[in-house]
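Q: I'd like to ask some things about the structure below.
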Amino acid sequence: MIGSKNNTLNGFLLLIIAAVFLTPYLSSCGKSGNASSVGLNVQFEVLNLSPNIQPVDLYLGYIKQNTNSYSYPYSSGYFYLNSIDTPLQIKSSATTLASNNFFTINHLGFQANHKYSLFITGLYNTSDTSQSTLTTILTTDDTASIPPVGFGKIRFVNGAIQSTGLDIAANGTKAFSAVKFAQVSPYVILPAGNYIFQVTQTGTPGTILSTSLGSTTIQDGHLYTLYAYGIPLRTDSSAFNTGLITNR
């Protein structure tokens, strides 16, 4: 009888030990459907390219994602999202503007192991325009095929306000033509090397708007996004300019 009781006791002890060791694994399996975006490797970037929107904040699933607000004309750089829940909202962090929520995007379609950029551009309702021209451009940044050996790929995002269209030459050879406001060009392939990108308004090739990037290196196997912002021919803080993102 004593031996039988000992065997029963030992059996209970083994069950308890097994439960302690298996609980974390069972818990992990139960949560696999709610994996965080960090676990999914979703990276995001915000570029506030609106001269008069003032600093803004990013919300996902009604939860603020950033510590520091996004100001014109700076890029946040890529960061991992804490959530991929909708809606995505861009809200003003300034109390002086009448509207707190500028944008709401309900369908994002984020995929694991990808990078995305959100460009905010246009003008808020001021003397520059009788109506708000604010808009967003959401790009997927790393799904294009890898360029051939010895080449890189680059595309163009026109976030320049009140531009009818922009042309871009790379070392004097036209790379993009008539890219309208808020449009994204396809990627083009360029040999790896150093480039001067000249931007002109479509139809006025003699007026170079910007070469502010200076000599830009396109590296073998990399993807880039060239973007324009500001207002052509302005000379104040809203002046036309360009920037470059290394996507991959």
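By order in the structure tokens, chains are A, B, ...; within a chain, residues start at 1; ligands start at 1, following the order shown.
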Quick one: residues within 8 Å of Ser50 of chain A, only C-alpha atoms, excluding same-chain residues fewer than 2 positions away - as a VMD selection string?
A: chain A and resid 48 52 to 54 72 to 73 120 to 124 134 229 to 230
Q: Give me, as CSV, the closest atom pair and its distance (Å, one decimal) for every residue of segment 145-178 of chain A within a cut-off of 7 Å of segment 194-201 of chain A, counting only C-alpha atoms, rows sorted by chain and rising number.
A:
residue,atom,partner,partner_atom,distance
A:Gly165,CA,A:Gln201,CA,5.9
A:Leu166,CA,A:Gln201,CA,4.6
A:Asp167,CA,A:Thr200,CA,5.3
A:Ile168,CA,A:Val199,CA,4.6
A:Ala169,CA,A:Gln198,CA,5.2
A:Ala170,CA,A:Phe197,CA,4.8
A:Asn171,CA,A:Ile196,CA,5.2
Q: Once you have the residues from the selection above, write them out as a PDB file, in the first residue's frame, restricted to N, CA and C atoms.
A:
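Wrote it out as again.pdb, contents follow:
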ATOM      1  N   GLY A 165       4.028  69.511 -62.682  1.00  0.00           N
ATOM      2  CA  GLY A 165       4.772  68.306 -63.021  1.00  0.00           C
ATOM      3  C   GLY A 165       6.248  68.594 -62.922  1.00  0.00           C
ATOM      4  N   LEU A 166       7.035  67.570 -62.635  1.00  0.00           N
ATOM      5  CA  LEU A 166       8.470  67.751 -62.473  1.00  0.00           C
ATOM      6  C   LEU A 166       9.231  66.744 -63.326  1.00  0.00           C
ATOM      7  N   ASP A 167      10.346  67.212 -63.891  1.00  0.00           N
ATOM      8  CA  ASP A 167      11.281  66.358 -64.619  1.00  0.00           C
ATOM      9  C   ASP A 167      12.582  66.296 -63.826  1.00  0.00           C
ATOM     10  N   ILE A 168      13.237  65.141 -63.849  1.00  0.00           N
ATOM     11  CA  ILE A 168      14.499  64.975 -63.119  1.00  0.00           C
ATOM     12  C   ILE A 168      15.528  64.384 -64.062  1.00  0.00           C
ATOM     13  N   ALA A 169      16.678  65.040 -64.108  1.00  0.00           N
ATOM     14  CA  ALA A 169      17.799  64.549 -64.900  1.00  0.00           C
ATOM     15  C   ALA A 169      18.878  64.034 -63.964  1.00  0.00           C
ATOM     16  N   ALA A 170      19.488  62.913 -64.321  1.00  0.00           N
ATOM     17  CA  ALA A 170      20.603  62.338 -63.567  1.00  0.00           C
ATOM     18  C   ALA A 170      21.859  62.498 -64.404  1.00  0.00           C
ATOM     19  N   ASN A 171      22.760  63.365 -63.924  1.00  0.00           N
ATOM     20  CA  ASN A 171      23.985  63.688 -64.677  1.00  0.00           C
ATOM     21  C   ASN A 171      23.672  64.138 -66.101  1.00  0.00           C
TER      22      ASN A 171
END
Q: I need the residue nearest Asn125 of chain A from this list: A:Gly150, A:Pro51, A:Pro232, A:Gly109. Use only C-alpha atoms for the distance.
A: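 Answer, going by the shortest atom-to-atom distance: A:Pro51.
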Q: I'd like to know which of A:Phe176, A:Tyr224, A:Phe156, A:Tyr62 is closest to Ile84 of chain A, using only C-alpha atoms.
A: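 Residue with the minimum atom-to-atom distance to Ile84 of chain A: A:Tyr62.
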Q: If we count only C-alpha atoms and set the cut-off at 9 Å, which residues sit around segment 206-223 of chain A, ignoring sequence neighbours fewer than 3 positions away in its own chain? Please answer as a VMD selection string.
A: chain A and resid 141 to 142 144 146 to 155 187 190 to 201 203 232 to 233 240 to 248
Q: Which is closer to Ala178 of chain A than all the others in A:Ile137, A:Ile161, A:His107, A:Thr204, using only C-alpha atoms?
A: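 Result for the nearest residue to Ala178 of chain A: A:Thr204.
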Q: What residues in segment 13-224 of chain A get the DSSP label alpha helix (DSSP H)? Please answer as a list in words.
A: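 In segment 13-224 of chain A, DSSP puts these residues in alpha helix (DSSP H): Leu13, Leu14, Leu15, Ile16, Ile17, Ala18, Ala19, Val20, Phe21, Leu22, Thr23, Pro24, Tyr25, Leu26, Ser27, Ser28, Cys29, Gly30, Ser37, Val38, Gly39 and Leu40 of chain A.
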Q: Excluding same-chain residues fewer than 6 positions from Leu58 of chain A, what lies within 7 Å of it counting only C-alpha atoms, as a PyMOL selection string?
A: chain A and resi 64-66+89-91
Q: Set the distance at 12 Å and use only C-alpha atoms: which residues neighbour segment 110-113 of chain A once local chain neighbours fewer than 3 positions away are removed? I'd like the list as a ChimeraX atom specification.
A: /A:35-44,80-81,83-86,88,106-107,116-117,138-143
Q: Tell me, in Å to one decimal, how far atom CA of Ser237 of chain A is from atom CA of Gln162 of chain A.
A: 15.5 Å
Q: Could you check which of A:Asp57, A:Thr202, A:Ala182, A:Ala228 is closest to Asn100 of chain A, using only C-alpha atoms?
A: A:Asp57
Q: Find the distance between atom CA of Asn158 of chain A and atom CA of Ser132 of chain A and write it in Å to one decimal.
A: 17.7 Å
